[in-house]
Every structure is written in structure tokens, then in C-alpha cells.
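Asks: Attaching a single structure in C-alpha cells format; questions to follow.
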Amino acid sequence: MTTMITAPDIRTELPGPMAREVLARDAAVTSRSLPRAYPLVPQRGRGCVIEDVDGNRFLDFNAGIAVNSTGHAHPKVVEAVHRQSEELLHYSASDFYLPIYSRMGQALAATAPIDGPVRVFLSNSGAEAVEGALKLVRYCTGRPYVISFYGAFHGRSYGAVTLTASKAKYHKGFGPLLPGVLHAPYGSDETFEHIENLLFRHQVSPDEVAAIFVEPIQGEGGYLVPPDGWLRKLRELCDRHGILLVADEVQSGMGRTGKLWAIEHTGVRPDVLISAKGIASGLPLGAFMARAELLEKWSAGAHGSTYGGSPVPCAAGLATLEVIAEEGLLDNASTIGEQLITGLRELRRRFADKITDVRGVGLMIGVEFATAELAARVQQRAFELGLLVLECGESSIRMSPPLVVTAEEARKALELFGQAVAG
Ligand SMILES: Cc1ncc(COP(=O)(O)O)c(C=O)c1O
């Protein structure tokens, strides 16, 4: 693909002949647990465009599920990956001193909306970072319980999936899950009623709760933005009881909302912040950052990882932070986000019987439909028209394009989405 590319450009039926071959092989060999949304078979990508194996081009408003923050194959990220892969592919940072690991740690710590000095642990994925944070809060407080929210998604490993409560299917057949995890309603006054008057009265003493894990904007649960002041009240509740506040910014972070971390919109300072997805523009990297005094409590060997913070993902991560700053991608996320939300609210007025809500911050936008079937139909129709979007929550579609998305691409996406909603 050249750098000047246009999308959408759909040349074959979908899936096309090459795509059908991949689907057949895939159906024969891969785990049935993979929850495929529609038959997209991506071959290459540039910016906000994905080309499939048959040469069809799509406008990508998924960004590999909020991952390709600087767009597909940003030249600076590709160059950093090349350079690092010629230098050193791997050495375990758990056992030795990789220079790029501490550089990535330093760069991330400098961005952390956390009070005082900050330390960083690097992992390979979001779930792994959640697991590490879970171990950290229990270890540091000596308290066994943690609280997370209905609608939350924190990953699929045992600790993370126990915190997760977006869909029952994520738990089905896997019990017993991790003990000591309690859930509360998200994003309303009911949260505090539930925690203070039900959980703390009937189930657990607050001085046995290590932490509350919260997504500042719920992702998989439906791109739900809590009301103003909600996170501050949560912080106050934590402070009253000596509970740590852990912000899971795996989906909402890395500039997606127009600030590097979504929690910055609220002024609330978490004790621990978890990142992954957009952090390295597509290479597997996760992180959790915490007040230094917490990560200083761990003894050597308490936590580690062979690959976590491997050199090539770290090079992509450093390049990602540079590109976000150099290209003004936070401002772009705010500006184009406004354009999209305004356009989607117009669509809501036009299709009031179909679209029931449009919400979001920056380029983290959810569109709620009257029924789950309708959301599924719009997702499929958008794909056929050449626009990639993905369902979330019960009956919503999320838009999470790369942060480099242009006004013209946003205009085109709105046009296609409108056509998809029209049917
Ligand atoms: C908020 C949040 N936390 C954690 C995860 C898990 O990340 P991963 O899939 O990299 O394990 C996700 C993934 O969607 C997420 O959205």
C-alpha cells in the first residue's frame, strides 16, 4: 500500500475468495473460544485503513480494538521496531538490566497521574498487568478482598476474569474463581449505597478490602462514562477506609480520550494505574504504575516475567509516546471526537427509533441501539460498506479509531455509519 490510500474500497463479495480460504483453515484449527465479530481477514494496514487478503480496503474505526493508537504502521514506530530488532530482540528484564526497559518505565512514570514518585512494572498484555496489580494491592495492604464493578472487563486470566463482570459467559464453566472479589454497580449513586450499606454491612469489613479496581470509562461494558464527581466520591470512599484505588486504563488510556489517561479528566489520582493496548501501537506491552512506596514493598522475585517489557515492544512504546506528543494526537482525539459525537447525535435524531444514546469522550465513543439484534445488524452492515466497528455492552457499538484519524475520515465514517443504521 502507498501512504496515500483511500477507503473504503470494496472489490469482492465479503468474505472474498482468499478470505474464505483463511476462514476454512481457521475453522479447522483454532480454539472455538475466539469470539469473532465478522469475517474480516486483515492483511496490511496504514493509518486508519486496513486492507484485507482480497485487496478490499476498510476504514478502521476499531484500531485493532483500541490498540493501534498511532495508526497502522506509523513510520516512526516501524523505524523504532526495525532499529531495536537489529540491535537486540530479547533479554529477560526480570533477571538482567535492559536499558530500554527502564527508559520505557521512566517515560511512562513521567506521565502518571499518581501522587509522588512512581515505579513501573512492564508486562505483555492487559490481563497480565491486572494480575500483577492484584498481587501488588493484596501484598502491600495485607488485605484479602478487592472490589470491582458490574459491567467491568479486566481480562481473561483467573484473577482478571474474576474482577470482570461484563458478561456471565466470561465466568461460565470456570468456577470456582478467585476468592475475595466483590462487585458493585458502576457509575451511579447506587455504587456508594451498595458498597457502604450492603457490602460493608453484610459481607466484608472495609479494613479487609485492599483495593477498588475501576475503569474510568467502562470499555467492553458499553463505553459508559460515569457522571461528573463519581470517581471523586469513589476516591473519597477509598480514603475513608484505607483502600487503594486502581485505575484500569487498558482501553481508555494512551490518549484515546484526548488526555493521556482518562482519569485526568476528573482530577482524581489513583494509587495504581494499569495500561496496555494502545501503549505500543500494536506490539504486546502492558504496564502497571504505582506510587513508588507500593512497588518498593515487594521483595525480589515477588513478581516477574520472561517477556514483559521485551526490547522491541518497549521501542514501539517509546516511539508511540513521542508520536502522540509530536503530532498533537491528544488535541486531535478531542477535536475529531467532538466531530464524531456531534455527527452521531444528529444520526440519533434522524433514527430516534433505533439509536437510544450516544456517549463518549474523545475517540472513545459508544452508540446504544434499541436492541442487541439491531446493534449486531448495524455492525455487519457497516463491515459490508467498508467501515470497521465493534459491538460492546448489551446493545452498543463502539468507535475507537486510531488517534491519527482525520476530519475527512471521520466525515466518511459518519456517512457510512448512517447508511448502516438506515439498513
Ligand atoms: C479495561 C481492560 N482491561 C484489561 C483488558 C485485558 O487486556 P488484554 O486483552 O491485553 O489481556 C482489556 C481488554 O479488552 C480491557 O479493555
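Chains: A, B, ... in order of the C-alpha cells. Residues: from 1 per chain. Ligands: from 1, in order shown.
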Neighbours of ligand 1 at 10 Å or closer, counting only C-alpha atoms and all ligand atoms: which residues, as an mmCIF file with all heavy atoms, in the first residue's frame?

Replies:
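Generated output (result-v8.cif):
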```cif
data_model
loop_
_atom_site.group_PDB
_atom_site.id
_atom_site.type_symbol
_atom_site.label_atom_id
_atom_site.label_comp_id
_atom_site.auth_asym_id
_atom_site.auth_seq_id
_atom_site.Cartn_x
_atom_site.Cartn_y
_atom_site.Cartn_z
ATOM 1 N N ILE A 65 -9.002 -3.004 18.094
ATOM 2 C CA ILE A 65 -9.640 -2.863 19.417
ATOM 3 C C ILE A 65 -8.801 -1.951 20.312
ATOM 4 O O ILE A 65 -8.194 -2.371 21.305
ATOM 5 C CB ILE A 65 -9.931 -4.212 20.121
ATOM 6 C CG1 ILE A 65 -10.443 -5.241 19.127
ATOM 7 C CG2 ILE A 65 -10.943 -4.014 21.250
ATOM 8 C CD1 ILE A 65 -11.601 -4.762 18.271
ATOM 9 N N ALA A 66 -8.816 -0.682 19.930
ATOM 10 C CA ALA A 66 -8.189 0.401 20.716
ATOM 11 C C ALA A 66 -6.689 0.183 20.931
ATOM 12 O O ALA A 66 -6.142 0.582 21.959
ATOM 13 C CB ALA A 66 -8.920 0.577 22.051
ATOM 14 N N VAL A 67 -6.049 -0.444 19.957
ATOM 15 C CA VAL A 67 -4.627 -0.775 20.105
ATOM 16 C C VAL A 67 -3.726 0.103 19.228
ATOM 17 O O VAL A 67 -2.730 0.657 19.711
ATOM 18 C CB VAL A 67 -4.390 -2.273 19.801
ATOM 19 C CG1 VAL A 67 -2.909 -2.566 19.678
ATOM 20 C CG2 VAL A 67 -5.023 -3.131 20.887
ATOM 21 N N SER A 123 4.570 -5.563 31.451
ATOM 22 C CA SER A 123 4.072 -6.911 31.165
ATOM 23 C C SER A 123 3.843 -7.049 29.657
ATOM 24 O O SER A 123 4.235 -6.171 28.887
ATOM 25 C CB SER A 123 2.761 -7.142 31.921
ATOM 26 O OG SER A 123 1.750 -6.307 31.379
ATOM 27 N N ASN A 124 3.190 -8.145 29.268
ATOM 28 C CA ASN A 124 2.942 -8.383 27.832
ATOM 29 C C ASN A 124 1.528 -8.043 27.398
ATOM 30 O O ASN A 124 1.233 -8.056 26.211
ATOM 31 C CB ASN A 124 3.162 -9.868 27.505
ATOM 32 C CG ASN A 124 4.543 -10.322 27.877
ATOM 33 O OD1 ASN A 124 5.500 -9.994 27.207
ATOM 34 N ND2 ASN A 124 4.652 -11.045 28.972
ATOM 35 N N SER A 125 0.621 -7.858 28.339
ATOM 36 C CA SER A 125 -0.792 -7.691 27.980
ATOM 37 C C SER A 125 -1.522 -6.988 29.111
ATOM 38 O O SER A 125 -0.969 -6.802 30.208
ATOM 39 C CB SER A 125 -1.440 -9.066 27.772
ATOM 40 O OG SER A 125 -1.556 -9.709 29.034
ATOM 41 N N GLY A 126 -2.794 -6.661 28.818
ATOM 42 C CA GLY A 126 -3.610 -6.022 29.829
ATOM 43 C C GLY A 126 -3.903 -6.942 31.004
ATOM 44 O O GLY A 126 -3.733 -6.572 32.162
ATOM 45 N N ALA A 127 -4.336 -8.167 30.682
ATOM 46 C CA ALA A 127 -4.690 -9.106 31.755
ATOM 47 C C ALA A 127 -3.505 -9.356 32.675
ATOM 48 O O ALA A 127 -3.652 -9.405 33.902
ATOM 49 C CB ALA A 127 -5.185 -10.422 31.158
ATOM 50 N N GLU A 128 -2.331 -9.483 32.085
ATOM 51 C CA GLU A 128 -1.135 -9.721 32.902
ATOM 52 C C GLU A 128 -0.849 -8.551 33.826
ATOM 53 O O GLU A 128 -0.400 -8.737 34.964
ATOM 54 C CB GLU A 128 0.069 -9.874 31.979
ATOM 55 C CG GLU A 128 0.557 -11.268 31.828
ATOM 56 C CD GLU A 128 1.811 -11.270 30.987
ATOM 57 O OE1 GLU A 128 2.804 -10.622 31.360
ATOM 58 O OE2 GLU A 128 1.779 -11.894 29.923
ATOM 59 N N ALA A 129 -1.070 -7.344 33.312
ATOM 60 C CA ALA A 129 -0.845 -6.164 34.139
ATOM 61 C C ALA A 129 -1.875 -6.125 35.272
ATOM 62 O O ALA A 129 -1.560 -5.771 36.412
ATOM 63 C CB ALA A 129 -0.923 -4.896 33.291
ATOM 64 N N VAL A 130 -3.114 -6.522 34.974
ATOM 65 C CA VAL A 130 -4.164 -6.572 36.006
ATOM 66 C C VAL A 130 -3.772 -7.591 37.088
ATOM 67 O O VAL A 130 -3.883 -7.323 38.284
ATOM 68 C CB VAL A 130 -5.534 -6.925 35.375
ATOM 69 C CG1 VAL A 130 -6.565 -7.267 36.441
ATOM 70 C CG2 VAL A 130 -6.030 -5.776 34.492
ATOM 71 N N GLU A 131 -3.290 -8.767 36.654
ATOM 72 C CA GLU A 131 -2.863 -9.790 37.625
ATOM 73 C C GLU A 131 -1.781 -9.240 38.551
ATOM 74 O O GLU A 131 -1.817 -9.451 39.762
ATOM 75 C CB GLU A 131 -2.297 -11.027 36.913
ATOM 76 C CG GLU A 131 -3.269 -11.836 36.108
ATOM 77 C CD GLU A 131 -4.367 -12.492 36.917
ATOM 78 O OE1 GLU A 131 -4.172 -12.796 38.103
ATOM 79 O OE2 GLU A 131 -5.456 -12.677 36.341
ATOM 80 N N ALA A 152 -17.712 -4.435 34.266
ATOM 81 C CA ALA A 152 -16.256 -4.275 34.097
ATOM 82 C C ALA A 152 -15.664 -5.373 33.229
ATOM 83 O O ALA A 152 -16.133 -6.513 33.244
ATOM 84 C CB ALA A 152 -15.582 -4.304 35.462
ATOM 85 N N PHE A 153 -14.642 -5.021 32.474
ATOM 86 C CA PHE A 153 -13.831 -6.030 31.794
ATOM 87 C C PHE A 153 -12.370 -5.764 32.128
ATOM 88 O O PHE A 153 -11.854 -4.680 31.869
ATOM 89 C CB PHE A 153 -14.026 -5.989 30.273
ATOM 90 C CG PHE A 153 -13.352 -7.144 29.587
ATOM 91 C CD1 PHE A 153 -13.999 -8.366 29.430
ATOM 92 C CD2 PHE A 153 -12.038 -7.039 29.141
ATOM 93 C CE1 PHE A 153 -13.365 -9.448 28.835
ATOM 94 C CE2 PHE A 153 -11.391 -8.123 28.547
ATOM 95 C CZ PHE A 153 -12.067 -9.324 28.391
ATOM 96 N N HIS A 154 -11.724 -6.776 32.738
ATOM 97 C CA HIS A 154 -10.316 -6.599 33.122
ATOM 98 C C HIS A 154 -9.421 -7.681 32.522
ATOM 99 O O HIS A 154 -8.236 -7.728 32.839
ATOM 100 C CB HIS A 154 -10.187 -6.601 34.647
ATOM 101 C CG HIS A 154 -10.878 -5.453 35.324
ATOM 102 N ND1 HIS A 154 -10.388 -4.161 35.278
ATOM 103 C CD2 HIS A 154 -12.033 -5.388 36.032
ATOM 104 C CE1 HIS A 154 -11.204 -3.343 35.953
ATOM 105 N NE2 HIS A 154 -12.211 -4.063 36.410
ATOM 106 N N GLY A 155 -9.989 -8.569 31.696
ATOM 107 C CA GLY A 155 -9.154 -9.599 31.083
ATOM 108 C C GLY A 155 -9.669 -10.982 31.400
ATOM 109 O O GLY A 155 -10.708 -11.149 32.042
ATOM 110 N N ARG A 156 -8.912 -12.001 30.941
ATOM 111 C CA ARG A 156 -9.435 -13.368 30.979
ATOM 112 C C ARG A 156 -8.591 -14.362 31.765
ATOM 113 O O ARG A 156 -8.935 -15.535 31.821
ATOM 114 C CB ARG A 156 -9.595 -13.876 29.537
ATOM 115 C CG ARG A 156 -10.690 -13.172 28.767
ATOM 116 C CD ARG A 156 -10.758 -13.737 27.375
ATOM 117 N NE ARG A 156 -11.969 -13.358 26.687
ATOM 118 C CZ ARG A 156 -12.074 -12.329 25.859
ATOM 119 N NH1 ARG A 156 -11.024 -11.553 25.652
ATOM 120 N NH2 ARG A 156 -13.204 -12.067 25.245
ATOM 121 N N SER A 157 -7.476 -13.941 32.341
ATOM 122 C CA SER A 157 -6.743 -14.857 33.219
ATOM 123 C C SER A 157 -7.515 -14.918 34.549
ATOM 124 O O SER A 157 -8.417 -14.111 34.775
ATOM 125 C CB SER A 157 -5.308 -14.378 33.402
ATOM 126 O OG SER A 157 -5.310 -13.014 33.760
ATOM 127 N N ALA A 160 -7.977 -11.695 36.705
ATOM 128 C CA ALA A 160 -8.610 -10.654 35.891
ATOM 129 C C ALA A 160 -10.044 -11.030 35.538
ATOM 130 O O ALA A 160 -10.944 -10.179 35.570
ATOM 131 C CB ALA A 160 -7.781 -10.414 34.619
ATOM 132 N N VAL A 161 -10.274 -12.294 35.223
ATOM 133 C CA VAL A 161 -11.629 -12.690 34.831
ATOM 134 C C VAL A 161 -12.565 -12.687 36.047
ATOM 135 O O VAL A 161 -13.773 -12.504 35.907
ATOM 136 C CB VAL A 161 -11.634 -14.045 34.080
ATOM 137 C CG1 VAL A 161 -11.728 -15.240 35.028
ATOM 138 C CG2 VAL A 161 -12.793 -14.097 33.085
ATOM 139 N N LEU A 163 -12.370 -10.385 38.404
ATOM 140 C CA LEU A 163 -12.732 -8.958 38.506
ATOM 141 C C LEU A 163 -13.753 -8.585 37.434
ATOM 142 O O LEU A 163 -14.602 -7.722 37.628
ATOM 143 C CB LEU A 163 -11.491 -8.078 38.322
ATOM 144 C CG LEU A 163 -10.438 -8.110 39.426
ATOM 145 C CD1 LEU A 163 -9.174 -7.376 38.968
ATOM 146 C CD2 LEU A 163 -10.970 -7.467 40.699
ATOM 147 N N THR A 164 -13.641 -9.230 36.275
ATOM 148 C CA THR A 164 -14.537 -8.955 35.155
ATOM 149 C C THR A 164 -15.974 -9.352 35.509
ATOM 150 O O THR A 164 -16.200 -10.413 36.069
ATOM 151 C CB THR A 164 -14.065 -9.770 33.920
ATOM 152 O OG1 THR A 164 -12.822 -9.218 33.484
ATOM 153 C CG2 THR A 164 -15.073 -9.727 32.786
ATOM 154 N N VAL A 214 -11.187 0.041 39.000
ATOM 155 C CA VAL A 214 -12.215 0.750 38.232
ATOM 156 C C VAL A 214 -11.693 1.163 36.861
ATOM 157 O O VAL A 214 -10.539 1.589 36.731
ATOM 158 C CB VAL A 214 -12.721 1.987 39.019
ATOM 159 C CG1 VAL A 214 -11.619 3.027 39.212
ATOM 160 C CG2 VAL A 214 -13.927 2.622 38.339
ATOM 161 N N GLU A 215 -12.529 1.011 35.858
ATOM 162 C CA GLU A 215 -12.246 1.611 34.555
ATOM 163 C C GLU A 215 -12.811 3.033 34.590
ATOM 164 O O GLU A 215 -14.018 3.201 34.785
ATOM 165 C CB GLU A 215 -12.951 0.841 33.434
ATOM 166 C CG GLU A 215 -12.417 -0.560 33.191
ATOM 167 C CD GLU A 215 -13.403 -1.373 32.358
ATOM 168 O OE1 GLU A 215 -14.294 -2.020 32.956
ATOM 169 O OE2 GLU A 215 -13.300 -1.352 31.122
ATOM 170 N N PRO A 216 -11.998 4.067 34.392
ATOM 171 C CA PRO A 216 -12.522 5.441 34.430
ATOM 172 C C PRO A 216 -13.634 5.651 33.405
ATOM 173 O O PRO A 216 -14.527 6.469 33.617
ATOM 174 C CB PRO A 216 -11.296 6.300 34.119
ATOM 175 C CG PRO A 216 -10.143 5.460 34.547
ATOM 176 C CD PRO A 216 -10.531 4.034 34.266
ATOM 177 N N ILE A 217 -13.577 4.947 32.287
ATOM 178 C CA ILE A 217 -14.709 4.837 31.364
ATOM 179 C C ILE A 217 -14.814 3.346 31.061
ATOM 180 O O ILE A 217 -13.819 2.726 30.670
ATOM 181 C CB ILE A 217 -14.453 5.619 30.054
ATOM 182 C CG1 ILE A 217 -14.308 7.115 30.356
ATOM 183 C CG2 ILE A 217 -15.586 5.382 29.047
ATOM 184 C CD1 ILE A 217 -13.953 7.966 29.148
ATOM 185 N N GLN A 218 -16.011 2.766 31.280
ATOM 186 C CA GLN A 218 -16.109 1.317 31.056
ATOM 187 C C GLN A 218 -16.011 1.016 29.569
ATOM 188 O O GLN A 218 -16.692 1.650 28.754
ATOM 189 C CB GLN A 218 -17.420 0.773 31.626
ATOM 190 C CG GLN A 218 -17.174 0.012 32.897
ATOM 191 C CD GLN A 218 -18.400 -0.690 33.441
ATOM 192 O OE1 GLN A 218 -19.443 -0.760 32.799
ATOM 193 N NE2 GLN A 218 -18.254 -1.227 34.630
ATOM 194 N N GLY A 219 -15.168 0.029 29.212
ATOM 195 C CA GLY A 219 -14.922 -0.281 27.810
ATOM 196 C C GLY A 219 -15.865 -1.341 27.280
ATOM 197 O O GLY A 219 -16.951 -1.051 26.793
ATOM 198 N N GLU A 220 -15.442 -2.584 27.408
ATOM 199 C CA GLU A 220 -16.236 -3.726 26.940
ATOM 200 C C GLU A 220 -17.677 -3.678 27.477
ATOM 201 O O GLU A 220 -18.620 -4.121 26.825
ATOM 202 C CB GLU A 220 -15.490 -5.003 27.380
ATOM 203 C CG GLU A 220 -16.283 -6.261 27.506
ATOM 204 C CD GLU A 220 -16.566 -6.915 26.173
ATOM 205 O OE1 GLU A 220 -15.964 -6.516 25.173
ATOM 206 O OE2 GLU A 220 -17.432 -7.820 26.165
ATOM 207 N N GLY A 221 -17.856 -3.086 28.670
ATOM 208 C CA GLY A 221 -19.179 -2.988 29.292
ATOM 209 C C GLY A 221 -20.131 -2.068 28.556
ATOM 210 O O GLY A 221 -21.306 -1.995 28.901
ATOM 211 N N TYR A 223 -18.789 1.259 26.781
ATOM 212 C CA TYR A 223 -18.272 2.622 26.636
ATOM 213 C C TYR A 223 -19.134 3.569 27.469
ATOM 214 O O TYR A 223 -19.717 4.539 26.974
ATOM 215 C CB TYR A 223 -18.195 3.032 25.156
ATOM 216 C CG TYR A 223 -16.881 2.584 24.499
ATOM 217 C CD1 TYR A 223 -16.283 1.391 24.880
ATOM 218 C CD2 TYR A 223 -16.244 3.343 23.534
ATOM 219 C CE1 TYR A 223 -15.089 0.968 24.309
ATOM 220 C CE2 TYR A 223 -15.050 2.927 22.954
ATOM 221 C CZ TYR A 223 -14.477 1.743 23.345
ATOM 222 O OH TYR A 223 -13.280 1.333 22.779
ATOM 223 N N ALA A 247 -6.815 2.282 38.795
ATOM 224 C CA ALA A 247 -7.490 2.675 37.549
ATOM 225 C C ALA A 247 -7.021 1.754 36.428
ATOM 226 O O ALA A 247 -5.824 1.699 36.125
ATOM 227 C CB ALA A 247 -7.154 4.125 37.207
ATOM 228 N N ASP A 248 -7.951 1.022 35.844
ATOM 229 C CA ASP A 248 -7.622 0.187 34.685
ATOM 230 C C ASP A 248 -7.856 1.023 33.430
ATOM 231 O O ASP A 248 -8.979 1.231 32.996
ATOM 232 C CB ASP A 248 -8.493 -1.076 34.676
ATOM 233 C CG ASP A 248 -8.167 -1.986 33.479
ATOM 234 O OD1 ASP A 248 -7.544 -1.503 32.521
ATOM 235 O OD2 ASP A 248 -8.552 -3.170 33.509
ATOM 236 N N GLU A 249 -6.745 1.492 32.861
ATOM 237 C CA GLU A 249 -6.809 2.351 31.669
ATOM 238 C C GLU A 249 -6.330 1.596 30.433
ATOM 239 O O GLU A 249 -5.795 2.187 29.499
ATOM 240 C CB GLU A 249 -5.944 3.599 31.887
ATOM 241 C CG GLU A 249 -6.456 4.499 33.000
ATOM 242 C CD GLU A 249 -7.022 5.815 32.475
ATOM 243 O OE1 GLU A 249 -7.345 5.907 31.272
ATOM 244 O OE2 GLU A 249 -7.122 6.747 33.288
ATOM 245 N N VAL A 250 -6.512 0.271 30.462
ATOM 246 C CA VAL A 250 -6.067 -0.543 29.326
ATOM 247 C C VAL A 250 -6.760 -0.074 28.041
ATOM 248 O O VAL A 250 -6.123 0.044 26.989
ATOM 249 C CB VAL A 250 -6.328 -2.041 29.595
ATOM 250 C CG1 VAL A 250 -6.165 -2.883 28.336
ATOM 251 C CG2 VAL A 250 -5.394 -2.545 30.686
ATOM 252 N N GLN A 251 -8.063 0.233 28.139
ATOM 253 C CA GLN A 251 -8.791 0.657 26.941
ATOM 254 C C GLN A 251 -8.906 2.183 26.848
ATOM 255 O O GLN A 251 -8.835 2.748 25.767
ATOM 256 C CB GLN A 251 -10.189 0.021 26.922
ATOM 257 C CG GLN A 251 -10.921 0.216 25.624
ATOM 258 C CD GLN A 251 -11.763 -0.977 25.180
ATOM 259 O OE1 GLN A 251 -12.383 -0.941 24.153
ATOM 260 N NE2 GLN A 251 -11.769 -2.052 25.915
ATOM 261 N N SER A 252 -9.068 2.841 27.997
ATOM 262 C CA SER A 252 -9.349 4.286 27.982
ATOM 263 C C SER A 252 -8.084 5.134 27.901
ATOM 264 O O SER A 252 -8.170 6.339 27.690
ATOM 265 C CB SER A 252 -10.136 4.667 29.238
ATOM 266 O OG SER A 252 -9.405 4.327 30.410
ATOM 267 N N GLY A 253 -6.918 4.502 28.069
ATOM 268 C CA GLY A 253 -5.681 5.268 28.181
ATOM 269 C C GLY A 253 -4.979 5.541 26.868
ATOM 270 O O GLY A 253 -5.540 5.374 25.797
ATOM 271 N N ILE A 274 -3.180 0.997 35.401
ATOM 272 C CA ILE A 274 -2.848 -0.134 34.526
ATOM 273 C C ILE A 274 -3.018 0.301 33.074
ATOM 274 O O ILE A 274 -4.005 0.943 32.721
ATOM 275 C CB ILE A 274 -3.788 -1.325 34.802
ATOM 276 C CG1 ILE A 274 -3.698 -1.736 36.275
ATOM 277 C CG2 ILE A 274 -3.460 -2.506 33.889
ATOM 278 C CD1 ILE A 274 -4.795 -2.686 36.712
ATOM 279 N N SER A 275 -2.049 -0.088 32.232
ATOM 280 C CA SER A 275 -2.139 0.251 30.807
ATOM 281 C C SER A 275 -1.765 -0.966 29.959
ATOM 282 O O SER A 275 -1.106 -1.893 30.429
ATOM 283 C CB SER A 275 -1.191 1.420 30.498
ATOM 284 O OG SER A 275 -1.194 1.707 29.121
ATOM 285 N N ALA A 276 -2.205 -0.954 28.712
ATOM 286 C CA ALA A 276 -1.801 -1.955 27.705
ATOM 287 C C ALA A 276 -2.356 -1.448 26.370
ATOM 288 O O ALA A 276 -2.333 -0.240 26.129
ATOM 289 C CB ALA A 276 -2.300 -3.350 28.049
ATOM 290 N N LYS A 277 -2.871 -2.311 25.529
ATOM 291 C CA LYS A 277 -3.492 -1.932 24.253
ATOM 292 C C LYS A 277 -2.693 -0.846 23.505
ATOM 293 O O LYS A 277 -1.699 -1.153 22.871
ATOM 294 C CB LYS A 277 -4.944 -1.511 24.476
ATOM 295 C CG LYS A 277 -5.893 -2.716 24.696
ATOM 296 C CD LYS A 277 -7.328 -2.260 24.636
ATOM 297 C CE LYS A 277 -8.327 -3.381 24.865
ATOM 298 N NZ LYS A 277 -8.512 -4.258 23.730
ATOM 299 N N GLY A 278 -3.149 0.419 23.570
ATOM 300 C CA GLY A 278 -2.556 1.479 22.758
ATOM 301 C C GLY A 278 -1.137 1.872 23.126
ATOM 302 O O GLY A 278 -0.494 2.657 22.429
ATOM 303 N N PRO A 284 2.970 -6.202 21.725
ATOM 304 C CA PRO A 284 2.443 -6.639 23.022
ATOM 305 C C PRO A 284 3.211 -6.044 24.198
ATOM 306 O O PRO A 284 4.333 -6.447 24.499
ATOM 307 C CB PRO A 284 2.597 -8.168 22.968
ATOM 308 C CG PRO A 284 3.621 -8.430 21.935
ATOM 309 C CD PRO A 284 3.635 -7.273 20.984
ATOM 310 N N LEU A 285 2.580 -5.077 24.827
ATOM 311 C CA LEU A 285 3.176 -4.434 26.001
ATOM 312 C C LEU A 285 2.058 -4.019 26.945
ATOM 313 O O LEU A 285 1.015 -3.533 26.499
ATOM 314 C CB LEU A 285 3.969 -3.189 25.569
ATOM 315 C CG LEU A 285 4.778 -2.488 26.662
ATOM 316 C CD1 LEU A 285 5.935 -3.374 27.152
ATOM 317 C CD2 LEU A 285 5.352 -1.158 26.163
ATOM 318 N N GLY A 286 2.263 -4.267 28.207
ATOM 319 C CA GLY A 286 1.347 -3.778 29.230
ATOM 320 C C GLY A 286 2.174 -3.177 30.345
ATOM 321 O O GLY A 286 3.404 -3.317 30.373
#
```

Asks: Would you list, as a PyMOL selection string, the residues of region 188-392 of chain A that end up in helix (DSSP H, G or I) under DSSP run on this structure's backbone?

Replies: chain A and resi 190-203+206-208+230-241+262-265+277-280+292-295+311-326+329-350+372-385

Asks: Find the residues near region 26-35 of chain A: any atom within 12 Å, counting only C-alpha atoms, skip ones fewer than 2 places away on the same chain, and give them as an MDAnalysis selection string.

Replies: chainID A and resid 19:24 37:39 41 156 169:170 390:391

Asks: Set the distance at 12 Å and use only C-alpha atoms: which residues neighbour Asn68 (chain A) once local chain neighbours fewer than 2 positions away are removed? I'd like the list as a CSV table (one decimal) with C-alpha atoms, in the first residue's frame.

Replies:
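File out38.csv, as written:
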```
chain,number,residue,atom,x,y,z
A,45,GLY,CA,-2.7,-1.5,7.4
A,46,ARG,CA,-1.7,2.1,7.1
A,47,GLY,CA,-3.0,4.9,9.2
A,48,CYS,CA,-6.8,4.3,9.6
A,49,VAL,CA,-7.0,1.9,6.7
A,50,ILE,CA,-7.0,-1.9,6.7
A,60,ASP,CA,-10.7,1.1,10.6
A,61,PHE,CA,-12.7,2.5,13.5
A,62,ASN,CA,-11.6,-0.4,15.7
A,63,ALA,CA,-7.9,0.3,15.7
A,64,GLY,CA,-7.4,-3.4,16.4
A,65,ILE,CA,-9.6,-2.9,19.4
A,66,ALA,CA,-8.2,0.4,20.7
A,70,THR,CA,-0.7,6.0,16.2
A,71,GLY,CA,-2.5,4.3,13.3
A,72,HIS,CA,-1.4,1.2,11.4
A,73,ALA,CA,2.3,1.0,10.7
A,74,HIS,CA,3.2,4.6,11.7
A,77,VAL,CA,7.0,3.2,15.2
A,251,GLN,CA,-8.8,0.7,26.9
A,254,MET,CA,-2.9,6.3,25.9
A,255,GLY,CA,-4.6,9.4,24.6
A,256,ARG,CA,-7.8,7.9,23.5
A,276,ALA,CA,-1.8,-2.0,27.7
A,277,LYS,CA,-3.5,-1.9,24.3
A,278,GLY,CA,-2.6,1.5,22.8
A,279,ILE,CA,0.7,1.8,24.8
A,280,ALA,CA,2.9,0.3,22.0
A,281,SER,CA,0.8,0.9,18.8
A,282,GLY,CA,0.2,-2.8,18.3
A,283,LEU,CA,3.2,-4.6,19.9
A,284,PRO,CA,2.4,-6.6,23.0
A,316,ALA,CA,7.4,0.7,20.0
A,317,GLY,CA,6.1,2.1,23.3
A,320,THR,CA,4.3,5.8,20.5
A,324,ILE,CA,1.5,11.3,20.4
A,400,SER,CA,-12.3,3.6,18.7
A,401,PRO,CA,-10.3,4.8,15.7
A,402,PRO,CA,-6.6,5.4,15.7
A,403,LEU,CA,-5.7,8.8,17.2
A,404,VAL,CA,-4.4,9.9,13.8
A,405,VAL,CA,-7.9,9.8,12.3
```

Asks: Looking at A:Trp230, A:Tyr101, A:Tyr145, A:Phe383, which one is nearest to Leu199 (chain A), with distances taken over only C-alpha atoms?

Replies: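 Nearest candidate to Leu199 (chain A) out of A:Trp230, A:Tyr101, A:Tyr145, A:Phe383: A:Tyr145.
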
Asks: Can you measure CA of Lys135 (chain A) to CA of Arg235 (chain A) for me? One decimal in Å is fine.

Replies: 20.5 Å

Asks: Taking only C-alpha atoms into account, which of A:Leu234, A:Ala422, A:Leu388, A:Ala315 comes nearest Glu51 (chain A)?

Replies: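 Among A:Leu234, A:Ala422, A:Leu388, A:Ala315, it is A:Leu388 that comes nearest to Glu51 (chain A).
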
Asks: Please, what distance in Å, to one decimal, runs between CA of Ala407 (chain A) and CA of Thr6 (chain A)?

Replies: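 Between CA of Ala407 (chain A) and CA of Thr6 (chain A) the gap works out to 13.8 Å.
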
Asks: Quick one: of A:Thr356, A:Ser188, A:Gln419, A:Ser310, who's nearest to Gln380 (chain A), counting only C-alpha atoms?

Replies: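 The closest residue to Gln380 (chain A) is A:Gln419.
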
Asks: What residues in region 183-412 of chain A get the DSSP label strand (DSSP E or B)? Please answer as a VMD selection string.

Replies: chain A and resid 183 to 184 209 to 214 218 224 244 to 248 272 to 275 281 283 286 to 291 355 to 361 364 to 369 387 to 388 390 to 392 396 to 399

Asks: Which residues are close to Lys259 (chain A), i.e. within 10 Å by only C-alpha atoms, leaving aside same-chain residues fewer than 2 positions away? Reply as a VMD selection string.

Replies: chain A and resid 252 to 257 261 to 265 329 to 331 333 to 334 361 to 362
